[in-house]
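A.B. asks: Contents are mmCIF, C-alpha atoms; file name work-v3.cif:
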data_coords
#
loop_
_atom_site.group_PDB
_atom_site.id
_atom_site.type_symbol
_atom_site.label_atom_id
_atom_site.label_comp_id
_atom_site.auth_asym_id
_atom_site.auth_seq_id
_atom_site.Cartn_x
_atom_site.Cartn_y
_atom_site.Cartn_z
ATOM 1 C CA MET A 1 2.155 -25.933 -9.090
ATOM 2 C CA ASP A 2 5.912 -26.571 -9.016
ATOM 3 C CA GLN A 3 6.896 -29.568 -6.933
ATOM 4 C CA LYS A 4 10.152 -27.820 -5.961
ATOM 5 C CA PHE A 5 9.979 -24.530 -4.069
ATOM 6 C CA SER A 6 12.983 -22.351 -5.028
ATOM 7 C CA LEU A 7 13.388 -19.566 -2.476
ATOM 8 C CA LEU A 8 16.263 -17.418 -3.795
ATOM 9 C CA PRO A 9 14.804 -16.431 -7.198
ATOM 10 C CA ARG A 10 11.479 -15.634 -5.553
ATOM 11 C CA ILE A 11 13.222 -13.313 -3.078
ATOM 12 C CA VAL A 12 15.134 -11.531 -5.867
ATOM 13 C CA ASN A 13 12.022 -11.202 -8.043
ATOM 14 C CA GLY A 14 9.990 -9.862 -5.113
ATOM 15 C CA SER A 15 12.723 -7.304 -4.357
ATOM 16 C CA ILE A 16 13.003 -6.075 -7.952
ATOM 17 C CA ALA A 17 9.229 -5.909 -8.326
ATOM 18 C CA GLY A 18 8.802 -3.897 -5.138
ATOM 19 C CA ILE A 19 11.516 -1.329 -5.892
ATOM 20 C CA VAL A 20 10.473 -0.764 -9.515
ATOM 21 C CA GLY A 21 6.789 -0.578 -8.636
ATOM 22 C CA VAL A 22 7.176 1.876 -5.748
ATOM 23 C CA THR A 23 9.440 4.181 -7.751
ATOM 24 C CA CYS A 24 6.800 4.422 -10.472
ATOM 25 C CA VAL A 25 3.711 5.061 -8.331
ATOM 26 C CA PHE A 26 4.936 6.756 -5.134
ATOM 27 C CA PRO A 27 3.721 10.311 -5.971
ATOM 28 C CA ILE A 28 0.171 8.968 -6.420
ATOM 29 C CA ASP A 29 0.461 7.192 -3.065
ATOM 30 C CA LEU A 30 1.433 10.490 -1.421
ATOM 31 C CA VAL A 31 -1.658 12.157 -2.893
ATOM 32 C CA LYS A 32 -3.775 9.247 -1.622
ATOM 33 C CA THR A 33 -2.456 9.673 1.919
ATOM 34 C CA ARG A 34 -3.209 13.403 1.950
ATOM 35 C CA LEU A 35 -6.705 12.975 0.533
ATOM 36 C CA GLN A 36 -7.541 10.282 3.074
ATOM 37 C CA ASN A 37 -6.217 12.313 5.987
ATOM 38 C CA GLN A 38 -7.922 15.620 5.251
ATOM 39 C CA GLN A 39 -10.985 16.435 7.313
ATOM 40 C CA PRO A 40 -13.582 19.102 6.417
ATOM 41 C CA GLY A 41 -13.659 22.307 8.431
ATOM 42 C CA PRO A 42 -16.718 23.671 10.296
ATOM 43 C CA GLN A 43 -18.171 25.008 7.040
ATOM 44 C CA GLY A 44 -17.130 22.045 4.900
ATOM 45 C CA GLN A 45 -13.963 23.664 3.559
ATOM 46 C CA LEU A 46 -11.306 21.290 2.249
ATOM 47 C CA LEU A 47 -7.609 21.788 1.602
ATOM 48 C CA TYR A 48 -7.734 19.597 -1.530
ATOM 49 C CA LYS A 49 -10.767 19.266 -3.774
ATOM 50 C CA SER A 50 -9.629 16.309 -5.900
ATOM 51 C CA LEU A 51 -6.721 14.104 -6.930
ATOM 52 C CA PRO A 52 -5.397 16.597 -9.561
ATOM 53 C CA ASP A 53 -5.885 19.541 -7.180
ATOM 54 C CA CYS A 54 -3.876 17.792 -4.451
ATOM 55 C CA ALA A 55 -1.104 16.804 -6.876
ATOM 56 C CA ILE A 56 -0.836 20.309 -8.343
ATOM 57 C CA LYS A 57 -0.807 22.071 -4.958
ATOM 58 C CA THR A 58 1.731 19.635 -3.523
ATOM 59 C CA PHE A 59 4.032 20.006 -6.522
ATOM 60 C CA ARG A 60 3.668 23.807 -6.512
ATOM 61 C CA ASN A 61 4.372 24.154 -2.781
ATOM 62 C CA GLU A 62 6.917 21.383 -2.222
ATOM 63 C CA GLY A 63 8.473 20.722 -5.624
ATOM 64 C CA PHE A 64 9.330 17.498 -7.418
ATOM 65 C CA PHE A 65 11.159 15.942 -4.473
ATOM 66 C CA GLY A 66 8.228 16.820 -2.222
ATOM 67 C CA MET A 67 6.192 14.339 -4.243
ATOM 68 C CA TYR A 68 8.647 11.630 -3.137
ATOM 69 C CA ARG A 69 8.666 12.566 0.541
ATOM 70 C CA GLY A 70 8.772 9.327 2.532
ATOM 71 C CA SER A 71 9.939 7.248 -0.437
ATOM 72 C CA GLY A 72 13.273 6.435 1.217
ATOM 73 C CA VAL A 73 11.767 4.367 4.012
ATOM 74 C CA ASN A 74 9.371 2.777 1.526
ATOM 75 C CA LEU A 75 12.167 1.743 -0.824
ATOM 76 C CA LEU A 76 14.175 0.394 2.109
ATOM 77 C CA LEU A 77 11.378 -1.742 3.540
ATOM 78 C CA ILE A 78 9.444 -2.591 0.383
ATOM 79 C CA THR A 79 11.904 -5.396 -0.380
ATOM 80 C CA PRO A 80 11.213 -7.468 2.758
ATOM 81 C CA GLU A 81 7.513 -6.543 2.596
ATOM 82 C CA LYS A 82 7.027 -7.683 -1.000
ATOM 83 C CA VAL A 83 9.231 -10.725 -0.436
ATOM 84 C CA ILE A 84 7.083 -11.801 2.520
ATOM 85 C CA LYS A 85 3.842 -11.173 0.597
ATOM 86 C CA LEU A 86 4.769 -12.741 -2.747
ATOM 87 C CA VAL A 87 7.019 -15.527 -1.459
ATOM 88 C CA GLY A 88 4.663 -16.181 1.449
ATOM 89 C CA ASN A 89 1.739 -16.702 -0.918
ATOM 90 C CA ASP A 90 3.816 -19.113 -3.025
ATOM 91 C CA PHE A 91 4.976 -20.919 0.118
ATOM 92 C CA PHE A 92 1.463 -21.406 1.491
ATOM 93 C CA ARG A 93 0.088 -22.381 -1.918
ATOM 94 C CA HIS A 94 2.884 -24.917 -2.276
ATOM 95 C CA HIS A 95 2.146 -26.525 1.102
ATOM 96 C CA LEU A 96 -1.638 -26.319 0.820
ATOM 97 C CA SER A 97 -1.757 -27.910 -2.633
ATOM 98 C CA THR A 98 -3.006 -31.451 -3.092
ATOM 99 C CA ALA A 99 -0.900 -34.333 -4.404
ATOM 100 C CA ASP A 100 -1.739 -33.418 -8.007
ATOM 101 C CA GLY A 101 -0.714 -29.779 -7.436
ATOM 102 C CA THR A 102 -4.223 -28.288 -7.453
ATOM 103 C CA LEU A 103 -5.805 -25.914 -4.955
ATOM 104 C CA THR A 104 -9.425 -25.416 -3.996
ATOM 105 C CA LEU A 105 -10.674 -21.825 -3.874
ATOM 106 C CA GLY A 106 -10.844 -22.006 -0.088
ATOM 107 C CA ARG A 107 -7.184 -22.990 0.136
ATOM 108 C CA GLU A 108 -6.221 -20.242 -2.315
ATOM 109 C CA VAL A 109 -7.967 -17.703 -0.093
ATOM 110 C CA LEU A 110 -6.270 -19.164 3.008
ATOM 111 C CA ALA A 111 -2.840 -18.986 1.343
ATOM 112 C CA GLY A 112 -3.364 -15.359 0.341
ATOM 113 C CA ALA A 113 -4.726 -14.343 3.747
ATOM 114 C CA SER A 114 -1.797 -16.053 5.488
ATOM 115 C CA ALA A 115 0.697 -14.172 3.319
ATOM 116 C CA GLY A 116 -1.091 -10.898 4.097
ATOM 117 C CA PHE A 117 -0.979 -11.633 7.815
ATOM 118 C CA CYS A 118 2.746 -12.410 7.751
ATOM 119 C CA GLN A 119 3.649 -9.157 5.994
ATOM 120 C CA ILE A 120 2.224 -6.837 8.676
ATOM 121 C CA ILE A 121 5.373 -7.245 10.784
ATOM 122 C CA ILE A 122 7.110 -5.106 8.133
ATOM 123 C CA THR A 123 4.164 -3.217 6.640
ATOM 124 C CA THR A 124 2.953 -1.610 9.885
ATOM 125 C CA PRO A 125 6.151 0.300 10.794
ATOM 126 C CA MET A 126 6.862 1.032 7.119
ATOM 127 C CA GLU A 127 3.426 2.579 6.611
ATOM 128 C CA LEU A 128 3.587 4.449 9.927
ATOM 129 C CA LEU A 129 6.891 6.142 9.051
ATOM 130 C CA LYS A 130 5.904 6.766 5.429
ATOM 131 C CA ILE A 131 2.611 8.419 6.397
ATOM 132 C CA GLN A 132 4.283 10.883 8.790
ATOM 133 C CA LEU A 133 6.649 12.031 6.043
ATOM 134 C CA GLN A 134 3.987 12.093 3.316
ATOM 135 C CA ASP A 135 1.486 14.062 5.370
ATOM 136 C CA ALA A 136 3.861 16.569 6.988
ATOM 137 C CA GLY A 137 3.307 19.249 4.332
ATOM 138 C CA ARG A 138 -0.484 18.950 4.587
ATOM 139 C CA SER A 139 -0.879 18.812 8.359
ATOM 140 C CA ALA A 140 1.425 21.810 8.851
ATOM 141 C CA SER A 141 -0.781 23.982 6.637
ATOM 142 C CA VAL A 142 -4.139 22.911 8.110
ATOM 143 C CA ASP A 143 -6.034 24.906 10.725
ATOM 144 C CA LEU A 144 -9.695 23.919 10.894
ATOM 145 C CA THR A 145 -10.281 26.525 13.588
ATOM 146 C CA ALA A 146 -9.435 29.368 11.184
ATOM 147 C CA GLU A 147 -12.144 31.277 9.360
ATOM 148 C CA VAL A 148 -12.864 30.418 5.724
ATOM 149 C CA GLY A 149 -10.541 32.304 3.411
ATOM 150 C CA LYS A 150 -7.894 32.814 6.122
ATOM 151 C CA PRO A 151 -4.563 30.948 6.370
ATOM 152 C CA GLY A 152 -5.085 27.310 7.215
ATOM 153 C CA THR A 153 -8.061 26.716 4.914
ATOM 154 C CA ALA A 154 -6.057 26.731 1.670
ATOM 155 C CA ALA A 155 -2.847 25.061 0.544
ATOM 156 C CA THR A 156 0.014 27.449 1.153
ATOM 157 C CA ALA A 157 3.752 26.999 1.310
ATOM 158 C CA VAL A 158 4.488 26.419 4.998
ATOM 159 C CA LYS A 159 7.895 25.788 6.501
ATOM 160 C CA THR A 160 7.686 22.423 8.246
ATOM 161 C CA GLU A 161 9.881 20.854 10.880
ATOM 162 C CA SER A 162 12.652 18.787 9.356
ATOM 163 C CA LEU A 163 11.595 15.162 9.624
ATOM 164 C CA SER A 164 13.321 11.904 8.808
ATOM 165 C CA ALA A 165 12.389 8.273 9.267
ATOM 166 C CA THR A 166 15.314 7.860 11.667
ATOM 167 C CA LYS A 167 14.219 10.815 13.809
ATOM 168 C CA ILE A 168 10.624 9.581 13.990
ATOM 169 C CA THR A 169 11.755 6.030 14.805
ATOM 170 C CA MET A 170 14.080 7.100 17.609
ATOM 171 C CA ASN A 171 11.432 9.353 19.116
ATOM 172 C CA LEU A 172 8.832 6.575 19.070
ATOM 173 C CA LEU A 173 11.245 4.062 20.574
ATOM 174 C CA LYS A 174 12.164 6.536 23.297
ATOM 175 C CA THR A 175 8.609 7.527 24.201
ATOM 176 C CA ARG A 176 6.559 4.400 23.453
ATOM 177 C CA GLY A 177 8.998 1.553 22.961
ATOM 178 C CA ILE A 178 8.897 -0.913 20.075
ATOM 179 C CA LEU A 179 5.091 -1.015 20.187
ATOM 180 C CA GLY A 180 5.062 2.646 19.158
ATOM 181 C CA LEU A 181 6.121 1.549 15.678
ATOM 182 C CA TYR A 182 3.093 -0.748 15.517
ATOM 183 C CA GLN A 183 0.366 1.852 16.021
ATOM 184 C CA GLY A 184 -2.507 0.922 13.728
ATOM 185 C CA CYS A 185 -1.388 -2.712 13.506
ATOM 186 C CA GLY A 186 -4.971 -4.000 13.781
ATOM 187 C CA ALA A 187 -6.185 -1.768 10.949
ATOM 188 C CA THR A 188 -3.161 -2.742 8.860
ATOM 189 C CA ALA A 189 -3.978 -6.423 9.360
ATOM 190 C CA LEU A 190 -7.625 -5.809 8.504
ATOM 191 C CA ARG A 191 -6.605 -4.182 5.221
ATOM 192 C CA ASP A 192 -3.747 -6.480 4.174
ATOM 193 C CA VAL A 193 -5.242 -9.831 5.150
ATOM 194 C CA THR A 194 -8.480 -8.970 3.331
ATOM 195 C CA PHE A 195 -6.650 -7.626 0.278
ATOM 196 C CA SER A 196 -4.355 -10.650 -0.034
ATOM 197 C CA ALA A 197 -7.246 -13.091 0.485
ATOM 198 C CA VAL A 198 -8.975 -11.475 -2.502
ATOM 199 C CA TYR A 199 -6.025 -10.510 -4.694
ATOM 200 C CA PHE A 200 -3.989 -13.715 -4.928
ATOM 201 C CA PRO A 201 -6.818 -16.153 -5.788
ATOM 202 C CA LEU A 202 -8.264 -13.653 -8.273
ATOM 203 C CA PHE A 203 -4.896 -13.112 -9.924
ATOM 204 C CA ALA A 204 -4.134 -16.833 -10.106
ATOM 205 C CA ASN A 205 -7.460 -17.622 -11.764
ATOM 206 C CA LEU A 206 -7.264 -14.700 -14.198
ATOM 207 C CA ASN A 207 -3.708 -15.659 -15.083
ATOM 208 C CA LYS A 208 -4.798 -19.209 -15.915
ATOM 209 C CA LEU A 209 -7.003 -17.851 -18.707
ATOM 210 C CA GLY A 210 -4.157 -16.290 -20.651
ATOM 211 C CA LYS A 211 -2.067 -17.467 -23.559
ATOM 212 C CA ARG A 212 0.934 -19.586 -22.524
ATOM 213 C CA ARG A 213 4.534 -18.792 -23.381
ATOM 214 C CA GLN A 214 5.916 -21.253 -25.892
ATOM 215 C CA GLY A 215 7.457 -24.268 -24.199
ATOM 216 C CA THR A 216 6.329 -23.280 -20.665
ATOM 217 C CA ASP A 217 3.230 -23.354 -18.505
ATOM 218 C CA GLN A 218 3.573 -19.613 -17.737
ATOM 219 C CA ALA A 219 1.273 -16.950 -19.148
ATOM 220 C CA VAL A 220 2.692 -14.410 -21.586
ATOM 221 C CA PHE A 221 4.006 -11.317 -19.798
ATOM 222 C CA TYR A 222 1.260 -8.953 -20.925
ATOM 223 C CA HIS A 223 -1.450 -11.257 -19.610
ATOM 224 C CA SER A 224 0.306 -11.510 -16.231
ATOM 225 C CA PHE A 225 0.527 -7.710 -16.185
ATOM 226 C CA ILE A 226 -3.165 -7.264 -17.037
ATOM 227 C CA SER A 227 -4.177 -9.944 -14.527
ATOM 228 C CA GLY A 228 -2.102 -8.283 -11.804
ATOM 229 C CA CYS A 229 -3.594 -4.873 -12.594
ATOM 230 C CA ALA A 230 -7.171 -6.181 -12.668
ATOM 231 C CA ALA A 231 -6.862 -8.164 -9.432
ATOM 232 C CA GLY A 232 -5.025 -5.292 -7.729
ATOM 233 C CA CYS A 233 -7.635 -2.786 -8.878
ATOM 234 C CA PHE A 234 -10.551 -4.828 -7.524
ATOM 235 C CA GLY A 235 -8.815 -5.761 -4.273
ATOM 236 C CA SER A 236 -7.676 -2.212 -3.526
ATOM 237 C CA LEU A 237 -11.151 -0.780 -4.158
ATOM 238 C CA LEU A 238 -12.692 -3.360 -1.852
ATOM 239 C CA VAL A 239 -10.417 -2.535 1.107
ATOM 240 C CA THR A 240 -10.342 1.276 0.710
ATOM 241 C CA PRO A 241 -12.461 1.870 3.866
ATOM 242 C CA PHE A 242 -9.935 -0.142 5.879
ATOM 243 C CA ASP A 243 -7.106 1.851 4.312
ATOM 244 C CA VAL A 244 -8.741 5.177 5.228
ATOM 245 C CA VAL A 245 -9.087 4.041 8.851
ATOM 246 C CA LYS A 246 -5.507 2.742 8.920
ATOM 247 C CA THR A 247 -4.124 5.985 7.505
ATOM 248 C CA ARG A 248 -5.939 8.125 10.053
ATOM 249 C CA LEU A 249 -5.008 5.914 12.992
ATOM 250 C CA GLN A 250 -1.343 5.949 11.982
ATOM 251 C CA THR A 251 -1.107 9.724 11.527
ATOM 252 C CA LEU A 252 0.687 10.974 14.627
ATOM 253 C CA SER A 253 0.640 14.730 13.909
ATOM 254 C CA LYS A 254 -2.808 16.027 12.995
ATOM 255 C CA GLY A 255 -3.591 19.467 11.622
ATOM 256 C CA LYS A 256 -4.916 22.012 14.097
ATOM 257 C CA GLY A 257 -8.534 21.239 14.935
ATOM 258 C CA GLU A 258 -8.522 17.759 13.331
ATOM 259 C CA ARG A 259 -10.093 14.861 15.211
ATOM 260 C CA HIS A 260 -8.125 12.096 16.927
ATOM 261 C CA TYR A 261 -9.351 8.512 17.214
ATOM 262 C CA SER A 262 -9.054 5.900 19.948
ATOM 263 C CA GLY A 263 -9.261 2.832 17.727
ATOM 264 C CA ILE A 264 -10.707 1.135 14.647
ATOM 265 C CA ILE A 265 -14.368 1.234 15.730
ATOM 266 C CA ASP A 266 -14.119 4.829 16.950
ATOM 267 C CA CYS A 267 -12.512 5.898 13.666
ATOM 268 C CA PHE A 268 -15.140 4.117 11.539
ATOM 269 C CA SER A 269 -18.050 5.544 13.492
ATOM 270 C CA SER A 270 -16.565 9.045 13.736
ATOM 271 C CA VAL A 271 -15.890 9.254 9.996
ATOM 272 C CA LEU A 272 -19.410 8.012 9.180
ATOM 273 C CA ARG A 273 -21.009 10.391 11.655
ATOM 274 C CA ASN A 274 -19.033 13.520 10.791
ATOM 275 C CA GLU A 275 -18.147 13.057 7.106
ATOM 276 C CA GLY A 276 -20.588 10.504 5.725
ATOM 277 C CA PRO A 277 -20.079 7.112 3.985
ATOM 278 C CA LYS A 278 -18.276 8.683 1.006
ATOM 279 C CA ALA A 279 -15.393 9.664 3.284
ATOM 280 C CA LEU A 280 -14.545 5.981 3.754
ATOM 281 C CA MET A 281 -13.839 5.801 0.019
ATOM 282 C CA LYS A 282 -11.458 8.780 0.007
ATOM 283 C CA GLY A 283 -8.425 8.096 -2.123
ATOM 284 C CA ALA A 284 -10.067 5.065 -3.774
ATOM 285 C CA LEU A 285 -9.048 6.151 -7.280
ATOM 286 C CA CYS A 286 -5.527 6.974 -6.091
ATOM 287 C CA ARG A 287 -5.247 3.596 -4.393
ATOM 288 C CA MET A 288 -6.381 1.816 -7.537
ATOM 289 C CA LEU A 289 -3.881 3.828 -9.588
ATOM 290 C CA VAL A 290 -1.154 2.815 -7.119
ATOM 291 C CA ILE A 291 -1.987 -0.842 -6.481
ATOM 292 C CA ALA A 292 -3.000 -1.879 -10.006
ATOM 293 C CA PRO A 293 0.319 -1.010 -11.724
ATOM 294 C CA LEU A 294 2.314 -1.932 -8.595
ATOM 295 C CA PHE A 295 1.044 -5.490 -8.657
ATOM 296 C CA GLY A 296 0.930 -5.586 -12.441
ATOM 297 C CA ILE A 297 4.650 -4.806 -12.462
ATOM 298 C CA ALA A 298 5.273 -7.212 -9.576
ATOM 299 C CA GLN A 299 3.578 -10.139 -11.259
ATOM 300 C CA THR A 300 5.224 -9.392 -14.606
ATOM 301 C CA VAL A 301 8.692 -9.424 -13.017
ATOM 302 C CA TYR A 302 7.775 -12.527 -11.071
ATOM 303 C CA TYR A 303 6.398 -14.475 -13.997
ATOM 304 C CA LEU A 304 8.992 -13.343 -16.518
ATOM 305 C CA GLY A 305 11.568 -14.854 -14.195
ATOM 306 C CA VAL A 306 13.938 -11.875 -14.155
ATOM 307 C CA ALA A 307 15.807 -13.339 -11.179
ATOM 308 C CA GLU A 308 16.137 -16.725 -12.864
ATOM 309 C CA TYR A 309 17.702 -14.990 -15.868
ATOM 310 C CA LEU A 310 20.098 -12.956 -13.693
ATOM 311 C CA LEU A 311 21.032 -15.991 -11.614
ATOM 312 C CA GLY A 312 21.459 -18.210 -14.663
ATOM 313 C CA MET A 313 18.626 -20.500 -13.608
ATOM 314 C CA LYS A 314 16.095 -22.013 -15.985
ATOM 315 C CA ASN A 315 12.573 -20.598 -15.459
ATOM 316 C CA ASN A 316 10.070 -23.333 -16.219
#
For this file, write the structure as structure tokens.

C.D. replies:
Amino acid sequence: MDQKFSLLPRIVNGSIAGIVGVTCVFPIDLVKTRLQNQQPGPQGQLLYKSLPDCAIKTFRNEGFFGMYRGSGVNLLLITPEKVIKLVGNDFFRHHLSTADGTLTLGREVLAGASAGFCQIIITTPMELLKIQLQDAGRSASVDLTAEVGKPGTAATAVKTESLSATKITMNLLKTRGILGLYQGCGATALRDVTFSAVYFPLFANLNKLGKRRQGTDQAVFYHSFISGCAAGCFGSLLVTPFDVVKTRLQTLSKGKGERHYSGIIDCFSSVLRNEGPKALMKGALCRMLVIAPLFGIAQTVYYLGVAEYLLGMKNN
């Protein structure tokens, strides 16, 4: 553990990592949102049958840029979100470490959980706005009250109302105030605090096992990447049920005939009762495909010291 905590390079590294990572995996995240949000009709009919089916139908109906719907708000807010998460974890680890720079597992978990808790101030409104834009094409084409085989039970090109993050934000502020942007905050905290409490200690301990770069105490870049992917994969799988609940609670415009939920417990119980336990793992593969490379890229940028190089600072 470094005895000196340098803030600026950590902020720059977190920003670069977030922007690069999101750009690479955003289309998969859009597919994840749509899979998690879809509810079966009266006869079990589904709009999307699988990850590839959802991706193909979305691309066919909405084009290449449709796959990046909602990416603008994500790219704008991913910088402060990733900075808070990554820098926050470093900050708490730095202050929770003992005199010799070591951390017990309990303190590693506490540092990660604290970082996850801090990030929800940015993550909640970012996810809320992103989900509305990502899911607009799906919800507009869904009608669970229609008969099987009729419009509304299959993915078709539907003209949707023009939406933007600014328009959604202003409407929420006007009708619900600032708290409107924090719908689903409890579910977001449940997901992100749990994920960070698992991810950061797991990554740190996996990263310790790798080969060191010559002349430094840092792992070689490919080991940091693999460690980030592995920890992200496990953490994201573990919290998928929380992510499903969060996604559904934060979706403001449901498809015709889709259920609404009053809170976390109601959403959990309703999904279990009406769709079964497997529904709580919807989008698990997508989430793993998003989070694993996202955090693999993040940790690689972080541990390569890209910011230190750009700022002309020595990365020890």

A.B. asks: With distances taken over only C-alpha atoms, which of A:Cys286, A:Ile84, A:Val142, A:Ile178 is nearest to A:Leu30?

C.D. replies: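 Ranking A:Cys286, A:Ile84, A:Val142, A:Ile178 by distance to A:Leu30, first place goes to A:Cys286.
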
A.B. asks: Given the choices A:Leu163, A:Val198, A:Met288, A:Ile131, which gets closest to A:Arg248 if the distance is worked out from only C-alpha atoms?

C.D. replies: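 Closest candidate: A:Ile131.
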
A.B. asks: My list of candidates is A:Gly18, A:Pro241, A:Gly106, A:Gly312. Which is closest to A:Pro277 when distances are computed with all atoms listed in the file?

C.D. replies: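 Using all atoms listed in the file, A:Pro277 sits closest to A:Pro241.
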
A.B. asks: I'd like the contact shell of stretch 205-212 of chain A - 9 Å cut-off, all atoms listed in the file, skipping same-chain residues fewer than 4 positions apart - returned as number ranges by chain.

C.D. replies: A: 200-201, 216-220, 223-224, 226-228, 230-231

A.B. asks: Please write as a list of chain:residue names the list of polymer residues whose atoms come within 6 Å of (3.3, 11.0, -2.4), counting only C-alpha atoms and keeping to the coordinates of the file.

C.D. replies: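 The residues near that point, listed by chain and number, are A:Phe26, A:Pro27, A:Ile28, A:Asp29, A:Leu30, A:Val31, A:Met67, A:Tyr68, A:Gln134.
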
A.B. asks: Which residues, named as in the file, does the PyMOL selection byres ((chain A and resi 307) around 7) pick out? Answer as a list in words.

C.D. replies: Pro9, Val12, Asn13, Gly305, Val306, Glu308, Tyr309, Leu310 and Leu311 of chain A

A.B. asks: Let's have the selection written as a PDB file, keeping the file's coordinate frame, with C-alpha atoms.

C.D. replies:
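Saved result, again.pdb, follows:
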ATOM      1  CA  PRO A   9      14.804 -16.431  -7.198  1.00  0.00           C
ATOM      2  CA  VAL A  12      15.134 -11.531  -5.867  1.00  0.00           C
ATOM      3  CA  ASN A  13      12.022 -11.202  -8.043  1.00  0.00           C
ATOM      4  CA  GLY A 305      11.568 -14.854 -14.195  1.00  0.00           C
ATOM      5  CA  VAL A 306      13.938 -11.875 -14.155  1.00  0.00           C
ATOM      6  CA  GLU A 308      16.137 -16.725 -12.864  1.00  0.00           C
ATOM      7  CA  TYR A 309      17.702 -14.990 -15.868  1.00  0.00           C
ATOM      8  CA  LEU A 310      20.098 -12.956 -13.693  1.00  0.00           C
ATOM      9  CA  LEU A 311      21.032 -15.991 -11.614  1.00  0.00           C
TER      10      LEU A 311
END

A.B. asks: Evaluated on this file, the PyMOL selection byres ((chain A and resi 114-116) around 8) picks out some residues - which ones are they, written as a PyMOL selection string?

C.D. replies: chain A and resi 84-86+88-89+92+110-113+117-120+189+192-197

A.B. asks: Please produce, as CSV, a per-residue contact table for stretch 162-259 of chain A versus stretch 291-296 of chain A (criterion: any atom at most 6 Å away, all atoms listed in the file considered), showing the nearest atom pair and its distance in Å to one decimal, sorted by chain then residue number.

C.D. replies:
residue,atom,partner,partner_atom,distance
A:Phe225,CA,A:Gly296,CA,4.3
A:Gly228,CA,A:Gly296,CA,4.1
A:Cys229,CA,A:Ala292,CA,4.0
A:Gly232,CA,A:Ala292,CA,4.6
A:Cys233,CA,A:Ala292,CA,4.9

A.B. asks: Evaluate the PyMOL selection byres ((chain A and resi 36) around 8) against this structure - the residues, as a list in words, please.

C.D. replies: Lys32, Thr33, Arg34, Leu35, Asn37, Gln38, Val244, Thr247, Arg248, Ala279, Lys282 and Gly283 of chain A

A.B. asks: Restricting the calculation to only C-alpha atoms: of A:Ser6, A:Thr188, A:Ser262, A:Gln214, which residue gets closest to A:Thr240?

C.D. replies: A:Thr188

A.B. asks: Mind checking which residues fall within 9 Å of stretch 73-78 of chain A, counting all atoms listed in the file, ignoring those fewer than 2 positions away in the same chain, and posting them as a ChimeraX atom specification?

C.D. replies: /A:15,18-19,22-23,26,70-71,80-83,122-123,126-127,129-130,165

A.B. asks: Which residues of stretch 170-281 of chain A sit at most 10 Å from stretch 41-45 of chain A, using all atoms listed in the file? Give each one's shortest atom pair and distance in Å (one decimal place), in chain and ascending residue order, as a tab-separated table.

C.D. replies:
residue	atom	partner	partner_atom	distance
A:Gly257	CA	A:Gly41	CA	8.3
A:Glu258	CA	A:Gly41	CA	8.4
A:Glu275	CA	A:Gly44	CA	9.3

A.B. asks: Limited to C-alpha atoms, could you put the picked residues into a file as a PDB file, keeping the file's coordinate frame?

C.D. replies:
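Listed below is the output, again-v3.pdb:
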ATOM      1  CA  GLY A 257      -8.534  21.239  14.935  1.00  0.00           C
ATOM      2  CA  GLU A 258      -8.522  17.759  13.331  1.00  0.00           C
ATOM      3  CA  GLU A 275     -18.147  13.057   7.106  1.00  0.00           C
TER       4      GLU A 275
END

A.B. asks: For a test of reading the model, state the distance in Å between atom CA of A:Thr124 and atom CA of A:Gly184, rounded to one decimal.

C.D. replies: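 Computing it gives 7.1 Å between the two atoms.
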
A.B. asks: To one decimal place in Å, what is the distance between atom CA of A:Ile264 and atom CA of A:Val245?

C.D. replies: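 Those two atoms sit 6.7 Å apart.
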
A.B. asks: Could you tell me how far atom CA of A:Gly72 lies from atom CA of A:Thr166, in Å and to one decimal?

C.D. replies: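 Calculated distance between atom CA of A:Gly72 and atom CA of A:Thr166 is 10.7 Å.
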
A.B. asks: Which residues are close to A:Tyr182, i.e. within 6 Å by all atoms listed in the file, leaving aside same-chain residues fewer than 3 positions away? Reply as a PDB file with C-alpha atoms, in the coordinates of the input.

C.D. replies:
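Okay, selection-v5.pdb is ready:
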ATOM      1  CA  THR A 124       2.953  -1.610   9.885  1.00  0.00           C
ATOM      2  CA  PRO A 125       6.151   0.300  10.794  1.00  0.00           C
ATOM      3  CA  LEU A 179       5.091  -1.015  20.187  1.00  0.00           C
ATOM      4  CA  CYS A 185      -1.388  -2.712  13.506  1.00  0.00           C
TER       5      CYS A 185
END

A.B. asks: With all atoms listed in the file as the counted atoms, please give the residues lying no more than 10 Å from A:Asn274, apart from itself and same-chain residues fewer than 5 positions off, as a list of chain:residue names.

C.D. replies: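 Residues near the query, excluding close chain neighbours: A:Gln39, A:Pro40, A:Ser269, A:Ala279.
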
A.B. asks: Between A:Leu304, A:Phe242, A:Met170, A:Arg259, which one has atoms that come closest to A:Phe221, using all atoms listed in the file?

C.D. replies: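 Closest candidate: A:Leu304.
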